[in-house]
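Asks: File follows, my_file.csv with CSV, C-alpha atoms and all ligand atoms:
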```
chain,number,residue,atom,x,y,z
X,1,MET,CA,-14.3,167.2,186.5
X,2,ASP,CA,-17.1,165.4,184.8
X,3,LEU,CA,-18.3,166.9,181.6
X,4,PRO,CA,-22.0,167.6,180.9
X,5,ARG,CA,-23.7,165.5,178.2
X,6,TYR,CA,-22.9,167.1,174.9
X,7,ASP,CA,-22.9,166.9,171.1
X,8,LEU,CA,-20.5,169.2,169.2
X,9,HIS,CA,-21.3,168.2,165.7
X,10,CYS,CA,-24.7,167.8,164.0
X,11,HIS,CA,-26.8,169.1,161.2
X,12,SER,CA,-30.3,170.5,160.6
X,13,THR,CA,-32.4,171.5,157.6
X,14,ALA,CA,-30.2,174.6,157.4
X,15,SER,CA,-27.8,172.3,155.5
X,16,ASP,CA,-28.2,168.6,154.8
X,17,GLY,CA,-30.0,167.4,158.0
X,18,SER,CA,-33.6,166.3,157.9
X,19,LEU,CA,-34.8,167.9,161.2
X,20,SER,CA,-35.5,171.6,161.6
X,21,PRO,CA,-33.4,173.4,164.2
X,22,ALA,CA,-36.3,173.4,166.6
X,23,ASP,CA,-37.0,169.7,166.1
X,24,LEU,CA,-33.3,169.0,166.6
X,25,LEU,CA,-33.3,171.0,169.8
X,26,ASN,CA,-36.3,168.9,171.0
X,27,ARG,CA,-34.5,165.7,170.2
X,28,ALA,CA,-31.4,166.9,172.0
X,29,ARG,CA,-33.5,167.6,175.1
X,30,SER,CA,-35.2,164.2,175.0
X,31,ARG,CA,-31.7,162.6,174.7
X,32,GLY,CA,-30.6,164.5,177.8
X,33,ILE,CA,-28.1,166.7,176.0
X,34,GLU,CA,-27.0,169.7,178.0
X,35,VAL,CA,-24.6,171.4,175.6
X,36,LEU,CA,-25.4,171.3,171.9
X,37,SER,CA,-23.4,172.8,169.0
X,38,LEU,CA,-25.3,172.9,165.7
X,39,THR,CA,-22.7,172.8,163.0
X,40,ASP,CA,-24.4,173.0,159.6
X,41,HIS,CA,-22.3,172.9,156.5
X,42,ASP,CA,-21.1,176.5,155.6
X,43,THR,CA,-23.9,178.3,157.3
X,44,LEU,CA,-25.0,179.8,160.6
X,45,GLU,CA,-28.7,180.2,159.7
X,46,GLY,CA,-29.8,177.3,161.8
X,47,VAL,CA,-27.9,178.6,164.8
X,48,ARG,CA,-29.5,182.0,164.3
X,49,GLU,CA,-32.9,180.3,164.3
X,50,LEU,CA,-32.2,178.6,167.6
X,51,MET,CA,-30.9,181.8,169.2
X,52,ARG,CA,-34.4,183.3,168.7
X,53,GLN,CA,-35.9,180.4,170.6
X,54,ASP,CA,-36.3,179.4,174.3
X,55,LEU,CA,-33.5,176.9,174.7
X,56,GLU,CA,-35.0,175.7,178.0
X,57,GLY,CA,-31.7,175.0,179.8
X,58,ILE,CA,-29.7,173.6,176.9
X,59,GLN,CA,-26.5,175.6,176.2
X,60,LEU,CA,-26.2,176.4,172.5
X,61,VAL,CA,-22.6,176.6,171.2
X,62,PRO,CA,-22.8,178.5,167.9
X,63,GLY,CA,-21.0,176.4,165.3
X,64,THR,CA,-20.5,175.5,161.6
X,65,GLU,CA,-18.7,172.9,159.5
X,66,LEU,CA,-16.6,174.6,156.9
X,67,THR,CA,-15.8,173.1,153.6
X,68,CYS,CA,-12.1,173.9,152.7
X,69,LEU,CA,-9.2,172.6,150.7
X,70,TRP,CA,-5.8,171.2,151.8
X,71,GLN,CA,-3.4,170.0,149.1
X,72,GLY,CA,-6.3,169.8,146.7
X,73,ARG,CA,-8.5,167.6,149.0
X,74,VAL,CA,-11.7,168.7,150.6
X,75,ILE,CA,-11.4,168.9,154.4
X,76,HIS,CA,-14.1,169.7,156.9
X,77,LEU,CA,-13.4,172.1,159.8
X,78,VAL,CA,-15.8,172.4,162.7
X,79,GLY,CA,-15.8,175.9,164.2
X,80,LEU,CA,-17.1,176.2,167.7
X,81,GLY,CA,-18.0,179.1,170.0
X,82,LEU,CA,-18.3,181.6,167.1
X,83,ASP,CA,-19.8,185.1,167.2
X,84,PRO,CA,-22.7,184.7,164.8
X,85,GLU,CA,-22.7,188.5,164.3
X,86,ASN,CA,-19.1,188.6,163.0
X,87,ASN,CA,-19.0,190.4,159.7
X,88,ASP,CA,-15.8,188.7,158.3
X,89,LEU,CA,-17.3,185.3,159.0
X,90,GLN,CA,-20.6,186.3,157.5
X,91,ALA,CA,-18.9,187.5,154.3
X,92,TYR,CA,-16.9,184.3,154.2
X,93,LEU,CA,-20.1,182.2,154.5
X,94,ASN,CA,-21.9,184.3,151.8
X,95,ASN,CA,-19.1,183.3,149.4
X,96,LEU,CA,-19.5,179.6,150.3
X,97,ALA,CA,-23.2,179.9,149.7
X,98,LEU,CA,-22.4,181.3,146.2
X,99,LEU,CA,-20.0,178.5,145.6
X,100,ARG,CA,-22.5,175.9,146.7
X,101,ARG,CA,-25.2,177.4,144.3
X,102,GLN,CA,-22.7,177.4,141.4
X,103,ARG,CA,-21.7,173.8,142.2
X,104,SER,CA,-25.3,172.7,142.3
X,105,GLU,CA,-25.8,173.9,138.7
X,106,LYS,CA,-22.7,172.0,137.7
X,107,ILE,CA,-23.8,168.9,139.5
X,108,ALA,CA,-27.1,169.0,137.7
X,109,ARG,CA,-25.4,169.2,134.4
X,110,GLN,CA,-23.0,166.4,135.2
X,111,LEU,CA,-25.9,164.1,136.3
X,112,GLU,CA,-27.7,164.8,133.1
X,113,LYS,CA,-24.6,163.9,131.1
X,114,MET,CA,-24.6,160.6,132.9
X,115,GLY,CA,-28.2,159.9,131.7
X,116,VAL,CA,-29.8,160.6,135.0
X,117,PRO,CA,-33.3,162.1,134.9
X,118,PRO,CA,-33.3,165.8,135.7
X,119,VAL,CA,-33.5,166.4,139.5
X,120,TYR,CA,-32.2,170.0,139.8
X,121,ALA,CA,-35.6,171.5,140.8
X,122,GLU,CA,-36.2,168.7,143.3
X,123,ALA,CA,-32.7,169.1,144.9
X,124,GLN,CA,-33.3,172.8,145.2
X,125,ALA,CA,-36.7,172.2,146.7
X,126,LEU,CA,-35.2,169.7,149.2
X,127,ALA,CA,-32.5,172.2,150.2
X,128,GLY,CA,-35.1,175.0,150.5
X,129,LYS,CA,-33.4,178.1,152.0
X,130,GLY,CA,-30.6,175.9,153.3
X,131,SER,CA,-27.0,175.2,152.2
X,132,ILE,CA,-27.5,173.0,149.1
X,133,GLY,CA,-25.2,170.0,148.8
X,134,ARG,CA,-24.8,166.6,147.3
X,135,PRO,CA,-27.1,164.9,149.8
X,136,HIS,CA,-30.0,166.9,148.4
X,137,PHE,CA,-29.3,165.5,144.9
X,138,ALA,CA,-29.0,162.0,146.4
X,139,ARG,CA,-32.4,162.4,148.1
X,140,ALA,CA,-33.9,163.7,144.9
X,141,LEU,CA,-32.6,160.6,143.1
X,142,VAL,CA,-34.1,158.3,145.7
X,143,GLU,CA,-37.5,160.1,145.6
X,144,LYS,CA,-37.5,159.7,141.8
X,145,GLY,CA,-37.0,156.0,142.3
X,146,PHE,CA,-33.8,156.2,140.3
X,147,VAL,CA,-31.6,154.7,143.1
X,148,VAL,CA,-32.7,152.6,146.1
X,149,ASN,CA,-31.0,154.8,148.7
X,150,GLU,CA,-28.6,157.8,149.2
X,151,GLN,CA,-25.6,155.6,149.6
X,152,GLN,CA,-26.2,154.2,146.1
X,153,ALA,CA,-26.6,157.7,144.7
X,154,PHE,CA,-23.2,158.5,146.2
X,155,LYS,CA,-21.6,155.3,145.1
X,156,LYS,CA,-22.8,155.7,141.5
X,157,TYR,CA,-23.0,159.4,140.9
X,158,LEU,CA,-22.0,161.8,143.6
X,159,GLY,CA,-19.2,160.2,145.7
X,160,ALA,CA,-15.5,160.8,145.5
X,161,GLY,CA,-14.2,160.3,141.9
X,162,LYS,CA,-17.7,160.3,140.4
X,163,LYS,CA,-18.8,162.9,137.9
X,164,GLY,CA,-21.3,164.4,140.3
X,165,ASP,CA,-18.4,165.1,142.8
X,166,VAL,CA,-17.8,168.5,141.1
X,167,LYS,CA,-14.5,170.2,142.1
X,168,MET,CA,-14.8,173.7,143.4
X,169,PRO,CA,-12.3,176.4,144.4
X,170,TRP,CA,-13.3,176.1,148.1
X,171,PRO,CA,-11.2,178.4,150.4
X,172,ASP,CA,-7.9,177.1,151.7
X,173,LEU,CA,-7.7,175.4,155.1
X,174,ALA,CA,-5.6,178.3,156.4
X,175,ASP,CA,-8.3,180.8,155.5
X,176,ALA,CA,-10.9,178.7,157.2
X,177,VAL,CA,-8.9,178.6,160.4
X,178,SER,CA,-8.3,182.3,160.2
X,179,VAL,CA,-11.9,183.3,159.8
X,180,LEU,CA,-13.0,181.0,162.6
X,181,LYS,CA,-10.4,182.6,164.9
X,182,ALA,CA,-11.4,186.1,163.8
X,183,ALA,CA,-15.0,185.3,164.8
X,184,GLY,CA,-13.8,184.3,168.3
X,185,GLY,CA,-14.1,180.6,167.7
X,186,VAL,CA,-11.9,177.6,167.8
X,187,SER,CA,-11.2,175.4,164.8
X,188,ILE,CA,-11.4,171.6,164.9
X,189,ILE,CA,-10.5,169.1,162.1
X,190,ALA,CA,-13.7,167.1,161.6
X,191,HIS,CA,-13.6,163.3,161.5
X,192,PRO,CA,-9.9,163.0,160.5
X,193,THR,CA,-10.1,159.4,159.5
X,194,LYS,CA,-12.8,160.0,156.9
X,195,TYR,CA,-10.7,161.5,154.2
X,196,LYS,CA,-9.1,158.2,152.9
X,197,MET,CA,-5.7,159.5,154.1
X,198,THR,CA,-3.0,157.5,155.8
X,199,PHE,CA,-2.0,158.5,159.4
X,200,THR,CA,1.2,159.9,157.9
X,201,LYS,CA,-0.9,162.2,155.7
X,202,ILE,CA,-3.2,163.0,158.6
X,203,ARG,CA,-0.1,164.1,160.6
X,204,SER,CA,1.0,166.3,157.8
X,205,LEU,CA,-2.5,167.9,157.6
X,206,VAL,CA,-2.3,168.4,161.4
X,207,ALA,CA,1.1,170.1,161.1
X,208,ASP,CA,-0.2,172.6,158.5
X,209,PHE,CA,-3.4,173.1,160.5
X,210,ILE,CA,-1.3,174.0,163.6
X,211,ALA,CA,0.9,176.3,161.6
X,212,ALA,CA,-2.2,178.1,160.4
X,213,GLY,CA,-3.4,178.5,164.0
X,214,GLY,CA,-5.7,175.5,164.3
X,215,ASP,CA,-6.9,174.4,167.7
X,216,GLY,CA,-8.1,170.8,167.8
X,217,ILE,CA,-9.3,167.5,166.3
X,218,GLU,CA,-12.3,165.3,166.6
X,219,VAL,CA,-11.3,162.1,168.3
X,220,SER,CA,-14.7,160.5,168.6
X,221,TYR,CA,-17.5,160.3,166.0
X,222,PRO,CA,-19.5,157.4,164.4
X,223,GLY,CA,-17.2,155.0,162.5
X,224,VAL,CA,-14.0,155.8,164.4
X,225,THR,CA,-12.4,152.6,165.6
X,226,PRO,CA,-10.7,152.1,169.0
X,227,ASP,CA,-7.4,151.9,167.2
X,228,HIS,CA,-8.1,155.2,165.3
X,229,GLN,CA,-9.1,156.9,168.5
X,230,LEU,CA,-5.8,155.8,170.1
X,231,HIS,CA,-3.8,157.3,167.2
X,232,LEU,CA,-5.9,160.5,167.2
X,233,ASN,CA,-5.4,160.9,171.0
X,234,ARG,CA,-1.7,160.5,170.5
X,235,ILE,CA,-1.6,163.1,167.7
X,236,ALA,CA,-3.6,165.5,169.9
X,237,GLU,CA,-1.4,164.9,173.0
X,238,SER,CA,1.9,165.3,171.2
X,239,ASN,CA,0.8,168.5,169.4
X,240,ASN,CA,-1.0,169.9,172.4
X,241,LEU,CA,-4.3,170.1,170.5
X,242,LEU,CA,-7.8,170.2,172.0
X,243,VAL,CA,-10.0,167.2,171.5
X,244,SER,CA,-13.7,167.2,170.5
X,245,ALA,CA,-16.5,164.7,169.8
X,246,GLY,CA,-19.9,164.7,168.1
X,247,SER,CA,-22.4,162.5,166.4
X,248,ASP,CA,-22.4,164.2,163.0
X,249,PHE,CA,-26.2,163.5,163.3
X,250,HIS,CA,-28.1,164.2,160.1
X,251,THR,CA,-31.4,162.3,160.3
X,252,PRO,CA,-33.4,159.9,162.5
X,253,ASP,CA,-34.0,157.8,159.4
X,254,ALA,CA,-30.5,156.4,159.5
X,255,GLY,CA,-31.2,154.3,162.6
X,256,TRP,CA,-27.6,153.9,163.8
X,257,THR,CA,-26.9,157.6,164.5
X,258,ASP,CA,-28.4,159.9,167.0
X,259,LEU,CA,-27.7,163.0,168.9
X,260,GLY,CA,-25.1,162.4,171.7
X,261,LYS,CA,-24.2,159.0,170.2
X,262,TYR,CA,-20.5,158.6,169.6
X,263,PRO,CA,-17.9,156.2,171.0
X,264,PRO,CA,-16.8,156.9,174.6
X,265,LEU,CA,-13.6,159.0,174.8
X,266,LYS,CA,-10.5,157.4,176.2
X,267,THR,CA,-9.6,160.6,177.9
X,268,THR,CA,-11.2,164.0,178.3
X,269,LYS,CA,-7.8,165.8,178.8
X,270,ASN,CA,-7.8,169.1,176.9
X,271,HIS,CA,-11.4,168.7,175.9
X,272,VAL,CA,-12.7,171.7,174.0
X,273,LEU,CA,-15.9,171.6,176.0
X,274,ARG,CA,-14.1,173.1,179.0
X,275,LEU,CA,-13.4,176.3,176.9
X,276,LEU,CA,-17.0,176.4,175.7
X,277,ILE,CA,-19.2,175.8,178.8
X,278,ASN,CA,-20.5,178.6,180.9
K,1,LIG,P1,-21.3,168.3,150.3
K,1,LIG,O1,-21.0,169.1,151.5
K,1,LIG,O2,-22.4,168.8,149.5
K,1,LIG,O3,-20.1,168.0,149.5
K,1,LIG,O4,-21.8,166.9,150.8
K,1,LIG,C1,-21.1,166.2,151.8
K,1,LIG,C2,-22.1,165.5,152.7
K,1,LIG,O5,-22.6,164.4,152.0
K,1,LIG,C3,-21.5,164.9,154.0
K,1,LIG,O6,-21.5,165.9,155.0
K,1,LIG,C4,-22.5,163.8,154.3
K,1,LIG,O7,-23.6,164.3,154.9
K,1,LIG,C5,-22.9,163.3,152.9
K,1,LIG,N1,-22.2,162.1,152.4
K,1,LIG,C6,-20.9,162.1,152.0
K,1,LIG,N2,-20.6,160.9,151.5
K,1,LIG,C7,-21.7,160.1,151.6
K,1,LIG,C8,-22.0,158.8,151.3
K,1,LIG,N3,-21.1,158.0,150.7
K,1,LIG,N4,-23.3,158.3,151.6
K,1,LIG,C9,-24.2,159.2,152.1
K,1,LIG,N5,-24.0,160.5,152.4
K,1,LIG,C10,-22.7,160.9,152.2
K,2,MN,MN,-23.4,166.4,155.8
K,3,MN,MN,-18.1,166.4,157.5
K,4,MN,MN,-20.9,166.9,159.6
```
Starting from the file, lay out its structure as structure tokens.

Replies:
Amino acid sequence: MDLPRYDLHCHSTASDGSLSPADLLNRARSRGIEVLSLTDHDTLEGVRELMRQDLEGIQLVPGTELTCLWQGRVIHLVGLGLDPENNDLQAYLNNLALLRRQRSEKIARQLEKMGVPPVYAEAQALAGKGSIGRPHFARALVEKGFVVNEQQAFKKYLGAGKKGDVKMPWPDLADAVSVLKAAGGVSIIAHPTKYKMTFTKIRSLVADFIAAGGDGIEVSYPGVTPDHQLHLNRIAESNNLLVSAGSDFHTPDAGWTDLGKYPPLKTTKNHVLRLLIN
């Protein structure tokens, strides 16, 4: 069976994307996407906004990308096919929103310690009602002319190991898997090769993820190499996991990403989309 054109991982202004949910939907339509999952970081607000709109033939899969911890590392889990009305999930997301607000205050303090001009108010304004994150600080630093682009802001101040990469007691991976399941969704390890882990480590993550009840892994996303994809497909196959794919689209400004744009899959066996489409 051929799959419809889909994107199961992208962001809007409800988190760190630059398009409103409505504009994202329009872009998806113009890109010929038939099934779209909006997976904003730690929130369903963008999904809720889309559910109030006329989707004009696009199937919306309610999703989110949860920040969680495994062995002290931050891992992202994509949840797909969730019930946006689920109370356990909403309470869980409310806690993440609180953690993100607390973290943003700490990030602001760390940046000032590094001699960076104050950007807390700007970062908050850029996040608006959305899930505040490091990209809002990065954008604020660009707007102030303090760095040339967001990558430089991450490289110098906000990225892994830098002072602005403030550690938080994010929920454990197993809790994230549980709450997604409780909300009727499936859990997918996002971009497994983007955590600077060896494949041995990734296999160990996958083993714990499966023990917790996890369902699948992303095998295609921008930056994945053919060799990575081969390894990821093998891991999925040998563990009987679902496979997923998405663009992780955040903004049209980064010319190389777009909705529906990710490397072709080598196989669509056990594709999560088959569970999600009507
Ligand atoms: P946060 O969820 O606040 O920890 O921020 C993580 C987000 O920052 C990711 O989802 C990306 O959108 C963005 N990001 C992470 N690393 C970089 C980087 N090196 N350059 C630009 N954006 C990044
Ligand atoms: Mn992001
Ligand atoms: Mn991610
Ligand atoms: Mn993402």

Asks: For Gly32 (chain X), which residue out of X:Tyr6, X:Phe146, X:Tyr120, X:Phe199 is the nearest one, using all atoms listed in the file?

Replies: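 Between X:Tyr6, X:Phe146, X:Tyr120, X:Phe199, the residue approaching Gly32 (chain X) most closely is X:Tyr6.
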
Asks: Could you tell me which of X:Ile189, X:Ala236, X:Leu96, X:Cys10 comes closest to ligand MN 4 (chain K) if we count all atoms listed in the file?

Replies: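 Answer, going by the shortest atom-to-atom distance: X:Cys10.
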
Asks: List the neighbours of region 248-253 of chain X out to 10 Å using all atoms listed in the file; skip same-chain residues closer than 3 positions along the sequence, and give me the result as JSON, numbers by chain.

Replies: {"X": [7, 8, 9, 10, 11, 12, 13, 15, 16, 17, 18, 19, 24, 27, 38, 39, 40, 190, 191, 221, 222, 245, 256, 257, 258, 259, 260, 261, 262]}

Asks: Mind dumping the selected residues with C-alpha atoms as an mmCIF file, in the frame of the given file?

Replies:
```cif
data_model
loop_
_atom_site.group_PDB
_atom_site.id
_atom_site.type_symbol
_atom_site.label_atom_id
_atom_site.label_comp_id
_atom_site.auth_asym_id
_atom_site.auth_seq_id
_atom_site.Cartn_x
_atom_site.Cartn_y
_atom_site.Cartn_z
ATOM 1 C CA ASP X 7 -22.900 166.900 171.100
ATOM 2 C CA LEU X 8 -20.500 169.200 169.200
ATOM 3 C CA HIS X 9 -21.300 168.200 165.700
ATOM 4 C CA CYS X 10 -24.700 167.800 164.000
ATOM 5 C CA HIS X 11 -26.800 169.100 161.200
ATOM 6 C CA SER X 12 -30.300 170.500 160.600
ATOM 7 C CA THR X 13 -32.400 171.500 157.600
ATOM 8 C CA SER X 15 -27.800 172.300 155.500
ATOM 9 C CA ASP X 16 -28.200 168.600 154.800
ATOM 10 C CA GLY X 17 -30.000 167.400 158.000
ATOM 11 C CA SER X 18 -33.600 166.300 157.900
ATOM 12 C CA LEU X 19 -34.800 167.900 161.200
ATOM 13 C CA LEU X 24 -33.300 169.000 166.600
ATOM 14 C CA ARG X 27 -34.500 165.700 170.200
ATOM 15 C CA LEU X 38 -25.300 172.900 165.700
ATOM 16 C CA THR X 39 -22.700 172.800 163.000
ATOM 17 C CA ASP X 40 -24.400 173.000 159.600
ATOM 18 C CA ALA X 190 -13.700 167.100 161.600
ATOM 19 C CA HIS X 191 -13.600 163.300 161.500
ATOM 20 C CA TYR X 221 -17.500 160.300 166.000
ATOM 21 C CA PRO X 222 -19.500 157.400 164.400
ATOM 22 C CA ALA X 245 -16.500 164.700 169.800
ATOM 23 C CA TRP X 256 -27.600 153.900 163.800
ATOM 24 C CA THR X 257 -26.900 157.600 164.500
ATOM 25 C CA ASP X 258 -28.400 159.900 167.000
ATOM 26 C CA LEU X 259 -27.700 163.000 168.900
ATOM 27 C CA GLY X 260 -25.100 162.400 171.700
ATOM 28 C CA LYS X 261 -24.200 159.000 170.200
ATOM 29 C CA TYR X 262 -20.500 158.600 169.600
#
```

Asks: What is the distance, in Å and to one decimal place, between atom C2 of ligand LIG 1 (chain K) and CA of Gly145 (chain X)?

Replies: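 Atom-to-atom, atom C2 of ligand LIG 1 (chain K) and CA of Gly145 (chain X) are spaced 20.5 Å apart.
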
Asks: List all protein, DNA and RNA residues that have an atom no more than 8 Å from any atom of ligand LIG 1 (chain K), counting only C-alpha atoms and all ligand atoms, and report them as an MDAnalysis selection string.

Replies: chainID X and resid 16:17 41 67 100 132:136 138 150:155 159:160 165 250

Asks: From the structure just shown, export region 248-258 of chain X with all heavy atoms as a short mmCIF file (atom, residue, chain, number, x, y, z; two decimals), in the first residue's frame.

Replies:
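Generated output (result08.cif):
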```
data_model
loop_
_atom_site.label_atom_id
_atom_site.label_comp_id
_atom_site.auth_asym_id
_atom_site.auth_seq_id
_atom_site.Cartn_x
_atom_site.Cartn_y
_atom_site.Cartn_z
N ASP X 248 10.90 17.91 10.97
CA ASP X 248 11.33 18.74 12.11
C ASP X 248 11.37 20.21 11.68
O ASP X 248 12.22 20.98 12.13
CB ASP X 248 12.68 18.28 12.65
CG ASP X 248 12.86 18.63 14.13
OD1 ASP X 248 11.95 19.28 14.71
OD2 ASP X 248 13.91 18.27 14.69
N PHE X 249 10.44 20.57 10.79
CA PHE X 249 10.39 21.93 10.25
C PHE X 249 10.12 22.95 11.36
O PHE X 249 9.22 22.77 12.17
CB PHE X 249 9.28 22.00 9.19
CG PHE X 249 9.05 23.36 8.62
CD1 PHE X 249 9.91 23.89 7.67
CD2 PHE X 249 7.95 24.12 9.01
CE1 PHE X 249 9.69 25.15 7.12
CE2 PHE X 249 7.72 25.38 8.47
CZ PHE X 249 8.60 25.89 7.52
N HIS X 250 10.93 24.03 11.36
CA HIS X 250 10.73 25.13 12.31
C HIS X 250 10.42 26.45 11.62
O HIS X 250 9.65 27.25 12.15
CB HIS X 250 11.97 25.34 13.19
CG HIS X 250 12.16 24.34 14.28
ND1 HIS X 250 12.57 23.04 14.05
CD2 HIS X 250 12.00 24.43 15.63
CE1 HIS X 250 12.65 22.40 15.21
NE2 HIS X 250 12.31 23.21 16.18
N THR X 251 11.09 26.69 10.49
CA THR X 251 10.94 28.02 9.86
C THR X 251 11.29 27.98 8.38
O THR X 251 12.20 27.25 7.98
CB THR X 251 11.86 29.05 10.57
OG1 THR X 251 11.79 30.30 9.88
CG2 THR X 251 13.32 28.59 10.60
N PRO X 252 10.59 28.78 7.57
CA PRO X 252 10.96 28.86 6.15
C PRO X 252 12.28 29.61 5.95
O PRO X 252 12.86 29.52 4.88
CB PRO X 252 9.80 29.65 5.52
CG PRO X 252 8.82 29.91 6.59
CD PRO X 252 9.43 29.61 7.91
N ASP X 253 12.74 30.32 6.98
CA ASP X 253 13.98 31.10 6.84
C ASP X 253 15.21 30.22 6.63
O ASP X 253 16.13 30.60 5.92
CB ASP X 253 14.21 31.99 8.08
CG ASP X 253 13.05 32.94 8.29
OD1 ASP X 253 12.29 33.15 7.33
OD2 ASP X 253 12.91 33.44 9.42
N ALA X 254 15.22 29.06 7.29
CA ALA X 254 16.31 28.11 7.06
C ALA X 254 15.96 27.39 5.76
O ALA X 254 15.18 26.45 5.76
CB ALA X 254 16.42 27.13 8.22
N GLY X 255 16.52 27.86 4.67
CA GLY X 255 16.11 27.44 3.33
C GLY X 255 16.13 25.95 3.07
O GLY X 255 15.40 25.46 2.22
N TRP X 256 16.91 25.21 3.81
CA TRP X 256 17.12 23.79 3.49
C TRP X 256 16.08 22.87 4.11
O TRP X 256 16.09 21.68 3.85
CB TRP X 256 18.52 23.37 3.91
CG TRP X 256 18.84 23.79 5.32
CD1 TRP X 256 19.30 25.01 5.74
CD2 TRP X 256 18.66 23.02 6.51
NE1 TRP X 256 19.42 25.04 7.10
CE2 TRP X 256 19.05 23.83 7.60
CE3 TRP X 256 18.23 21.71 6.76
CZ2 TRP X 256 18.99 23.39 8.91
CZ3 TRP X 256 18.18 21.27 8.07
CH2 TRP X 256 18.56 22.11 9.13
N THR X 257 15.19 23.39 4.94
CA THR X 257 14.16 22.50 5.49
C THR X 257 12.79 22.94 4.97
O THR X 257 12.58 24.11 4.65
CB THR X 257 14.10 22.53 7.03
OG1 THR X 257 13.41 23.70 7.45
CG2 THR X 257 15.47 22.51 7.65
N ASP X 258 11.89 22.01 4.89
CA ASP X 258 10.51 22.37 4.57
C ASP X 258 9.59 21.25 5.00
O ASP X 258 10.05 20.12 5.27
CB ASP X 258 10.34 22.64 3.07
CG ASP X 258 9.25 23.69 2.82
OD1 ASP X 258 8.34 23.83 3.67
OD2 ASP X 258 9.31 24.35 1.78
#
```
